[in-house]
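See below for entry-v2.pdb, which holds PDB, C-alpha atoms.
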```pdb
ATOM      1  CA  MET A 139      10.926 105.399  61.694
ATOM      2  CA  ASN A 140      14.150 105.050  59.758
ATOM      3  CA  GLU A 141      15.111 107.372  56.945
ATOM      4  CA  HIS A 142      15.135 104.698  54.230
ATOM      5  CA  ARG A 143      11.553 103.716  54.979
ATOM      6  CA  GLU A 144      10.368 107.339  55.039
ATOM      7  CA  LEU A 145      12.008 108.024  51.678
ATOM      8  CA  ARG A 146      10.695 104.766  50.216
ATOM      9  CA  GLU A 147       7.177 105.783  51.216
ATOM     10  CA  GLN A 148       7.662 108.998  49.229
ATOM     11  CA  LEU A 149       8.379 107.186  45.945
ATOM     12  CA  GLY A 150       4.724 107.296  44.822
ATOM     13  CA  VAL A 151       4.573 111.034  45.459
ATOM     14  CA  TYR A 152       7.867 111.463  43.608
ATOM     15  CA  ALA A 153       6.657 109.342  40.664
ATOM     16  CA  LEU A 154       3.590 111.568  40.347
ATOM     17  CA  GLY A 155       5.755 114.698  40.370
ATOM     18  CA  HIS A 156       4.313 115.960  43.652
ATOM     19  CA  GLY A 157       5.968 116.971  46.903
ATOM     20  CA  THR A 158       7.933 120.007  47.952
ATOM     21  CA  ALA A 159      11.271 120.856  46.355
ATOM     22  CA  ASP A 160      13.080 119.690  49.508
ATOM     23  CA  GLU A 161      11.208 116.354  49.563
ATOM     24  CA  ARG A 162      11.932 115.756  45.887
ATOM     25  CA  ALA A 163      15.622 116.597  46.391
ATOM     26  CA  ALA A 164      15.836 114.193  49.349
ATOM     27  CA  VAL A 165      14.246 111.370  47.325
ATOM     28  CA  ARG A 166      16.528 112.110  44.349
ATOM     29  CA  ALA A 167      19.614 111.991  46.595
ATOM     30  CA  HIS A 168      18.412 108.719  48.136
ATOM     31  CA  LEU A 169      17.796 107.192  44.706
ATOM     32  CA  ASP A 170      21.424 107.872  43.751
ATOM     33  CA  GLY A 171      22.602 105.414  46.404
ATOM     34  CA  CYS A 172      19.727 102.907  46.698
ATOM     35  CA  ALA A 173      19.271 100.351  43.916
ATOM     36  CA  ALA A 174      16.178  98.817  45.582
ATOM     37  CA  CYS A 175      14.340 102.140  45.593
ATOM     38  CA  ARG A 176      15.405 102.839  41.990
ATOM     39  CA  ALA A 177      13.909  99.488  40.985
ATOM     40  CA  GLU A 178      10.694 100.245  42.877
ATOM     41  CA  LEU A 179      10.456 103.670  41.248
ATOM     42  CA  ALA A 180      10.977 102.054  37.838
ATOM     43  CA  ALA A 181       7.998  99.785  38.598
ATOM     44  CA  LEU A 182       5.873 102.753  39.715
ATOM     45  CA  VAL A 183       6.551 105.054  36.750
ATOM     46  CA  PRO A 184       4.456 102.990  34.276
ATOM     47  CA  LEU A 185       1.566 103.209  36.755
ATOM     48  CA  ARG A 186       1.751 106.990  36.912
ATOM     49  CA  ALA A 187      -1.367 107.507  34.784
ATOM     50  CA  ARG A 188      -3.375 105.053  36.885
ATOM     51  CA  LEU A 189      -2.125 106.531  40.187
ATOM     52  CA  ALA A 190      -3.233 109.973  39.055
ATOM     53  CA  ASP A 191      -6.792 108.648  38.624
ATOM     54  CA  VAL A 192      -7.086 107.349  42.207
ATOM     55  CA  ASP A 193      -9.823 109.086  44.174
ATOM     56  CA  PRO A 194      -8.456 109.664  47.696
ATOM     57  CA  ASP A 195     -11.993 109.893  49.094
ATOM     58  CA  ARG A 196     -12.630 106.246  48.140
ATOM     59  CA  LEU A 197      -9.467 104.786  49.698
ATOM     60  CA  ASP A 198     -11.165 104.120  53.041
ATOM     61  CA  GLU A 199     -14.154 102.293  51.535
ATOM     62  CA  VAL A 200     -14.292  98.598  52.340
ATOM     63  CA  PRO A 201     -15.495  96.606  49.342
ATOM     64  CA  ALA A 202     -18.514  94.390  49.872
ATOM     65  CA  PRO A 203     -17.944  90.652  49.568
ATOM     66  CA  PRO A 204     -19.317  89.008  46.441
ATOM     67  CA  PRO A 205     -22.991  88.085  46.689
ATOM     68  CA  GLY A 206     -23.542  84.583  47.977
ATOM     69  CA  LEU A 207     -20.013  84.151  49.366
ATOM     70  CA  GLY A 208     -21.226  83.341  52.870
ATOM     71  CA  ASP A 209     -23.695  80.752  51.555
ATOM     72  CA  ARG A 210     -20.994  79.102  49.415
ATOM     73  CA  VAL A 211     -18.591  78.889  52.343
ATOM     74  CA  LEU A 212     -21.223  77.410  54.648
ATOM     75  CA  ALA A 213     -22.301  74.924  51.958
ATOM     76  CA  GLY A 214     -18.677  73.843  51.500
ATOM     77  CA  ILE A 215     -18.270  73.314  55.246
ATOM     78  CA  ALA A 216     -21.497  71.294  55.409
ATOM     79  CA  ALA A 217     -20.370  69.167  52.458
ATOM     80  CA  GLU A 218     -17.009  68.434  54.084
ATOM     81  CA  GLN A 219     -18.677  67.467  57.332
ATOM     82  CA  ALA A 220     -21.200  65.225  55.538
ATOM     83  CA  THR A 221     -18.500  63.326  53.628
ATOM     84  CA  GLY A 222     -16.064  63.187  56.540
ATOM     85  CA  GLN A 223     -13.411  65.117  54.620
ATOM     86  CA  ALA A 224     -13.205  67.915  57.160
ATOM     87  CA  ARG A 225      -9.694  68.392  58.435
ATOM     88  CA  PRO A 226      -9.554  67.268  62.043
ATOM     89  CA  GLY A 227      -8.389  69.717  64.649
ATOM     90  CA  ARG A 228      -5.123  69.263  66.428
ATOM     91  CA  ARG A 229      -5.466  66.384  68.848
ATOM     92  CA  ARG A 230      -3.077  65.116  71.446
ATOM     93  CA  TRP A 231      -1.883  61.590  70.916
ATOM     94  CA  ALA A 232      -2.145  59.275  73.869
ATOM     95  CA  PRO A 233      -1.252  55.600  73.731
ATOM     96  CA  ARG A 234      -4.237  53.341  74.363
ATOM     97  CA  SER A 235      -4.347  50.235  76.476
ATOM     98  CA  PRO A 236      -4.982  47.189  74.269
ATOM     99  CA  ARG A 237      -7.488  45.733  76.759
ATOM    100  CA  SER A 238      -9.683  48.629  77.799
ATOM    101  CA  GLY A 239      -9.037  51.164  75.056
ATOM    102  CA  SER A 240      -8.533  53.861  77.689
ATOM    103  CA  PRO A 241      -5.434  56.060  77.668
ATOM    104  CA  ARG A 242      -2.418  54.523  79.366
ATOM    105  CA  ARG A 243      -0.906  56.287  82.324
ATOM    106  CA  PRO A 244       2.810  56.918  82.063
ATOM    107  CA  SER A 245       4.930  54.842  84.401
ATOM    108  CA  GLY A 246       8.464  54.888  85.689
ATOM    109  CA  TRP A 247      10.460  58.071  85.343
ATOM    110  CA  ALA A 248       8.004  59.585  82.814
ATOM    111  CA  GLY A 249       5.104  58.898  85.196
ATOM    112  CA  TRP A 250       6.928  60.502  88.101
ATOM    113  CA  CYS A 251       7.652  63.624  85.975
ATOM    114  CA  ALA A 252       4.051  63.793  84.781
ATOM    115  CA  ARG A 253       2.735  63.615  88.345
ATOM    116  CA  CYS A 254       5.103  66.377  89.460
ATOM    117  CA  ARG A 255       4.041  68.647  86.607
ATOM    118  CA  THR A 256       0.313  68.133  87.134
ATOM    119  CA  ARG A 257       0.209  68.295  90.937
ATOM    120  CA  PRO A 258      -0.922  71.735  92.184
ATOM    121  CA  ARG A 259       1.805  73.804  93.832
ATOM    122  CA  TRP A 260      -0.017  73.985  97.155
ATOM    123  CA  ARG A 261      -0.053  70.173  97.398
ATOM    124  CA  ARG A 262       3.680  69.772  96.847
ATOM    125  CA  SER A 263       5.805  68.964  99.840
ATOM    126  CA  PRO A 264       7.349  71.973 101.669
ATOM    127  CA  SER A 265      10.898  70.854 100.869
ATOM    128  CA  ARG A 266      10.559  71.882  97.205
TER     129      ARG A 266
END
```

Could I get this structure in the form of structure tokens?
Amino acid sequence: MNEHRELREQLGVYALGHGTADERAAVRAHLDGCAACRAELAALVPLRARLADVDPDRLDEVPAPPPGLGDRVLAGIAAEQATGQARPGRRRWAPRSPRSGSPRRPSGWAGWCARCRTRPRWRRSPSR
């Protein structure tokens, strides 16, 4: 990890007034030459009172989704499908024959290239 990132990660600790004397001195020295970190520290200082109230034991808790979220999402999907407003998936475009409506097969040079790309390797002639 690079030094700038390590010192930037220490800004919250520094803003709270924690850390060893050596860590605080390293952050202070870095702040003298880094305008971006000074700006970030300036944004953190007003939050100092709120940061001090954070309970470290609750940081790993995953919040529960709002009640009924799953039902609302499923209802929205069903409504889109019923009205035909669902966004179609990515589909490949293939030109259609005007008579049969089936996909046209490429011809000429494009057809030759397509056949070469789709033919299994074991079926290719030995000269290739």

Which residue gives the smallest distance to Ala187 of chain A among A:Leu212, A:Leu207, A:Arg146, A:Gly155, with only C-alpha atoms counted? A:Gly155

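With atom CA of Val183 of chain A on one side and atom CA of Leu154 of chain A on the other, the separation reads 8.0 Å.
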
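If you measure from each of A:Glu218, A:Val151, A:Glu178, A:Gly157 to Ala190 of chain A using all atoms listed in the file, the closest one turns out to be A:Val151.
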
Selection in question (the file shown): the PyMOL selection byres ((chain A and resi 186) around 12). Which residues does it include, as an NGL selection string? :A and (149-156 or 179-185 or 187-192)

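Between atom CA of Cys172 of chain A and atom CA of Asp160 of chain A lies a distance of 18.3 Å.
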
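Going from atom CA of His142 of chain A over to atom CA of Pro194 of chain A, you cover 25.0 Å.
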
Output segment 192-225 of chain A from the block with N, CA, C and O atoms, as an mmCIF file, in the first residue's frame?
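out24.cif, written as the output of this step:
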```cif
data_model
loop_
_atom_site.group_PDB
_atom_site.id
_atom_site.type_symbol
_atom_site.label_atom_id
_atom_site.label_comp_id
_atom_site.auth_asym_id
_atom_site.auth_seq_id
_atom_site.Cartn_x
_atom_site.Cartn_y
_atom_site.Cartn_z
ATOM 1 N N VAL A 192 -19.744 6.905 17.480
ATOM 2 C CA VAL A 192 -19.885 5.647 16.753
ATOM 3 C C VAL A 192 -19.518 4.482 17.661
ATOM 4 O O VAL A 192 -18.496 4.502 18.342
ATOM 5 N N ASP A 193 -20.375 3.475 17.669
ATOM 6 C CA ASP A 193 -20.130 2.269 18.458
ATOM 7 C C ASP A 193 -19.420 1.246 17.568
ATOM 8 O O ASP A 193 -20.028 0.706 16.645
ATOM 9 N N PRO A 194 -18.144 0.985 17.805
ATOM 10 C CA PRO A 194 -17.399 0.065 16.943
ATOM 11 C C PRO A 194 -17.998 -1.339 16.896
ATOM 12 O O PRO A 194 -17.825 -2.059 15.926
ATOM 13 N N ASP A 195 -18.705 -1.743 17.944
ATOM 14 C CA ASP A 195 -19.292 -3.082 17.959
ATOM 15 C C ASP A 195 -20.450 -3.210 16.967
ATOM 16 O O ASP A 195 -20.827 -4.313 16.594
ATOM 17 N N ARG A 196 -21.025 -2.094 16.533
ATOM 18 C CA ARG A 196 -22.158 -2.143 15.611
ATOM 19 C C ARG A 196 -21.750 -1.934 14.156
ATOM 20 O O ARG A 196 -22.594 -1.987 13.273
ATOM 21 N N LEU A 197 -20.482 -1.726 13.879
ATOM 22 C CA LEU A 197 -20.033 -1.452 12.517
ATOM 23 C C LEU A 197 -20.215 -2.643 11.586
ATOM 24 O O LEU A 197 -20.372 -2.472 10.390
ATOM 25 N N ASP A 198 -20.170 -3.861 12.113
ATOM 26 C CA ASP A 198 -20.299 -5.041 11.271
ATOM 27 C C ASP A 198 -21.748 -5.480 11.075
ATOM 28 O O ASP A 198 -22.002 -6.414 10.327
ATOM 29 N N GLU A 199 -22.702 -4.831 11.727
ATOM 30 C CA GLU A 199 -24.096 -5.216 11.576
ATOM 31 C C GLU A 199 -24.599 -4.821 10.189
ATOM 32 O O GLU A 199 -24.315 -3.734 9.688
ATOM 33 N N VAL A 200 -25.322 -5.718 9.571
ATOM 34 C CA VAL A 200 -25.919 -5.433 8.267
ATOM 35 C C VAL A 200 -27.368 -5.011 8.528
ATOM 36 O O VAL A 200 -28.133 -5.753 9.132
ATOM 37 N N PRO A 201 -27.735 -3.815 8.087
ATOM 38 C CA PRO A 201 -29.104 -3.369 8.342
ATOM 39 C C PRO A 201 -30.109 -4.208 7.564
ATOM 40 O O PRO A 201 -29.843 -4.664 6.457
ATOM 41 N N ALA A 202 -31.258 -4.416 8.158
ATOM 42 C CA ALA A 202 -32.320 -5.174 7.503
ATOM 43 C C ALA A 202 -32.982 -4.295 6.448
ATOM 44 O O ALA A 202 -33.119 -3.088 6.633
ATOM 45 N N PRO A 203 -33.397 -4.887 5.336
ATOM 46 C CA PRO A 203 -34.096 -4.082 4.333
ATOM 47 C C PRO A 203 -35.439 -3.625 4.879
ATOM 48 O O PRO A 203 -35.996 -4.245 5.780
ATOM 49 N N PRO A 204 -35.976 -2.546 4.336
ATOM 50 C CA PRO A 204 -37.264 -2.057 4.813
ATOM 51 C C PRO A 204 -38.340 -3.129 4.634
ATOM 52 O O PRO A 204 -38.294 -3.897 3.677
ATOM 53 N N PRO A 205 -39.304 -3.168 5.541
ATOM 54 C CA PRO A 205 -40.355 -4.176 5.412
ATOM 55 C C PRO A 205 -41.127 -3.986 4.109
ATOM 56 O O PRO A 205 -41.441 -2.872 3.707
ATOM 57 N N GLY A 206 -41.397 -5.082 3.446
ATOM 58 C CA GLY A 206 -42.179 -5.046 2.226
ATOM 59 C C GLY A 206 -41.395 -4.707 0.975
ATOM 60 O O GLY A 206 -41.974 -4.614 -0.110
ATOM 61 N N LEU A 207 -40.084 -4.520 1.080
ATOM 62 C CA LEU A 207 -39.287 -4.157 -0.099
ATOM 63 C C LEU A 207 -39.353 -5.237 -1.163
ATOM 64 O O LEU A 207 -39.566 -4.947 -2.342
ATOM 65 N N GLY A 208 -39.183 -6.483 -0.765
ATOM 66 C CA GLY A 208 -39.212 -7.587 -1.721
ATOM 67 C C GLY A 208 -40.549 -7.655 -2.444
ATOM 68 O O GLY A 208 -40.596 -7.852 -3.668
ATOM 69 N N ASP A 209 -41.643 -7.479 -1.713
ATOM 70 C CA ASP A 209 -42.976 -7.522 -2.327
ATOM 71 C C ASP A 209 -43.156 -6.371 -3.317
ATOM 72 O O ASP A 209 -43.731 -6.554 -4.392
ATOM 73 N N ARG A 210 -42.646 -5.180 -2.969
ATOM 74 C CA ARG A 210 -42.777 -4.034 -3.874
ATOM 75 C C ARG A 210 -41.982 -4.242 -5.157
ATOM 76 O O ARG A 210 -42.443 -3.918 -6.253
ATOM 77 N N VAL A 211 -40.787 -4.809 -5.028
ATOM 78 C CA VAL A 211 -39.967 -5.063 -6.205
ATOM 79 C C VAL A 211 -40.637 -6.086 -7.110
ATOM 80 O O VAL A 211 -40.747 -5.905 -8.322
ATOM 81 N N LEU A 212 -41.125 -7.179 -6.524
ATOM 82 C CA LEU A 212 -41.780 -8.208 -7.321
ATOM 83 C C LEU A 212 -43.062 -7.687 -7.969
ATOM 84 O O LEU A 212 -43.363 -8.025 -9.119
ATOM 85 N N ALA A 213 -43.808 -6.846 -7.256
ATOM 86 C CA ALA A 213 -45.023 -6.258 -7.830
ATOM 87 C C ALA A 213 -44.669 -5.338 -8.997
ATOM 88 O O ALA A 213 -45.367 -5.316 -10.015
ATOM 89 N N GLY A 214 -43.598 -4.584 -8.881
ATOM 90 C CA GLY A 214 -43.161 -3.712 -9.967
ATOM 91 C C GLY A 214 -42.755 -4.510 -11.195
ATOM 92 O O GLY A 214 -43.073 -4.143 -12.328
ATOM 93 N N ILE A 215 -42.054 -5.621 -10.983
ATOM 94 C CA ILE A 215 -41.654 -6.478 -12.101
ATOM 95 C C ILE A 215 -42.883 -7.060 -12.785
ATOM 96 O O ILE A 215 -42.990 -7.066 -14.012
ATOM 97 N N ALA A 216 -43.837 -7.548 -11.977
ATOM 98 C CA ALA A 216 -45.062 -8.125 -12.545
ATOM 99 C C ALA A 216 -45.840 -7.074 -13.336
ATOM 100 O O ALA A 216 -46.370 -7.359 -14.412
ATOM 101 N N ALA A 217 -45.881 -5.850 -12.829
ATOM 102 C CA ALA A 217 -46.601 -4.783 -13.526
ATOM 103 C C ALA A 217 -45.933 -4.445 -14.853
ATOM 104 O O ALA A 217 -46.608 -4.230 -15.860
ATOM 105 N N GLU A 218 -44.619 -4.410 -14.883
ATOM 106 C CA GLU A 218 -43.902 -4.139 -16.130
ATOM 107 C C GLU A 218 -44.148 -5.242 -17.149
ATOM 108 O O GLU A 218 -44.356 -4.978 -18.324
ATOM 109 N N GLN A 219 -44.129 -6.486 -16.673
ATOM 110 C CA GLN A 219 -44.351 -7.592 -17.596
ATOM 111 C C GLN A 219 -45.779 -7.584 -18.125
ATOM 112 O O GLN A 219 -46.018 -7.900 -19.283
ATOM 113 N N ALA A 220 -46.748 -7.223 -17.284
ATOM 114 C CA ALA A 220 -48.153 -7.213 -17.699
ATOM 115 C C ALA A 220 -48.426 -6.122 -18.731
ATOM 116 O O ALA A 220 -49.229 -6.306 -19.641
ATOM 117 N N THR A 221 -47.756 -4.984 -18.618
ATOM 118 C CA THR A 221 -48.001 -3.880 -19.544
ATOM 119 C C THR A 221 -47.047 -3.891 -20.732
ATOM 120 O O THR A 221 -47.170 -3.066 -21.622
ATOM 121 N N GLY A 222 -46.084 -4.812 -20.717
ATOM 122 C CA GLY A 222 -45.131 -4.888 -21.821
ATOM 123 C C GLY A 222 -44.075 -3.817 -21.768
ATOM 124 O O GLY A 222 -43.411 -3.543 -22.756
ATOM 125 N N GLN A 223 -43.890 -3.171 -20.622
ATOM 126 C CA GLN A 223 -42.898 -2.109 -20.501
ATOM 127 C C GLN A 223 -41.555 -2.626 -20.019
ATOM 128 O O GLN A 223 -40.640 -1.862 -19.836
ATOM 129 N N ALA A 224 -41.450 -3.923 -19.807
ATOM 130 C CA ALA A 224 -40.179 -4.467 -19.330
ATOM 131 C C ALA A 224 -39.105 -4.215 -20.376
ATOM 132 O O ALA A 224 -39.353 -4.322 -21.573
ATOM 133 N N ARG A 225 -37.931 -3.875 -19.925
ATOM 134 C CA ARG A 225 -36.842 -3.621 -20.855
ATOM 135 C C ARG A 225 -36.370 -4.945 -21.421
ATOM 136 O O ARG A 225 -36.045 -5.857 -20.684
#
```
